[in-house]
Amino acid sequence: MDALCEEASNEMDRVTQLQDGILSLIKQTHKALEDLTKLTPLLPHDPTVYPPAETKRDREKVNTLSSEEFEQHKIQLVGEFVQRAKQVQVLIDVMPSPEDAQTITNRIDAMQSDLTAANAKYRAALAQTQALQEEYKRTLGVLLDQSVMQVTSGTTAK
């Protein structure tokens with residue numbers, strides 16, 4: 001039973017690590033997109049369709065990235081994303097497979113039936129103990145009654 005609890009605990013730790021890894025990846029993505037949009041002017045894909053208009057946000061930008069810096073920043077972010085995604089994939093790979101889950105379920109079912117059988121044996125032993133205790137009380141009662149009768153008959157015979 002302890003091994004099963006330890007195994008379940010290890011699996012829950014893996015799930016938590018996976019959850020933390022995915023959350024970290026989401027936060028990293030959000031931060032990277034936020035940084036990129038803050039440090040680069042927003043330009044339309046096709047300037048002839050919608051010419052860029054200077055916005056208050058563009059005027060407030062002091063530290064904008066050059067095209068080369070922007071490309072380097074993107075490459076660096078992609079590398080970080082790939083690295084984090086590989087870490088998440090490793091965590092996913094060590095998760096128990098559905099077959100493992102079925103094996104664990106079968107073990108739990110077997111342990112439950114063993115516990116039910118042991119509980120039935122315990123109840124039978126308890127009932128037997130209670131019956132023996134009642135028999136012991138009756139026997140003691142009879143012996144005490146006989147002793148009292150002997151004592152009282154001995155005192156009355158004198």
# chains A, B, ... in the order shown; residues from 1 in each chain; ligands from 1
>>> residues_around(residues="A:Val15", least_positions_apart="4", cutoff="10 Å", atoms="only C-alpha atoms", output="list in words")
Ser9, Asn10, Glu11, Gln19, Asp20, Gly21, Leu91, Ile92, Val94, Met95 and Pro96 of chain A
>>> atom_distance(atom1="atom CA of A:Val90", atom2="atom CA of A:Glu71")
28.6 Å
>>> closest_residue(among="A:Thr29, A:Ala110, A:Val88, A:Lys38", to="A:Thr16", atoms="only C-alpha atoms")
A:Val88
>>> atom_distance(atom1="atom CA of A:Asn106", atom2="atom CA of A:Asp2")
16.3 Å
>>> atom_distance(atom1="atom CA of A:Arg84", atom2="atom CA of A:Ser97")
22.1 Å
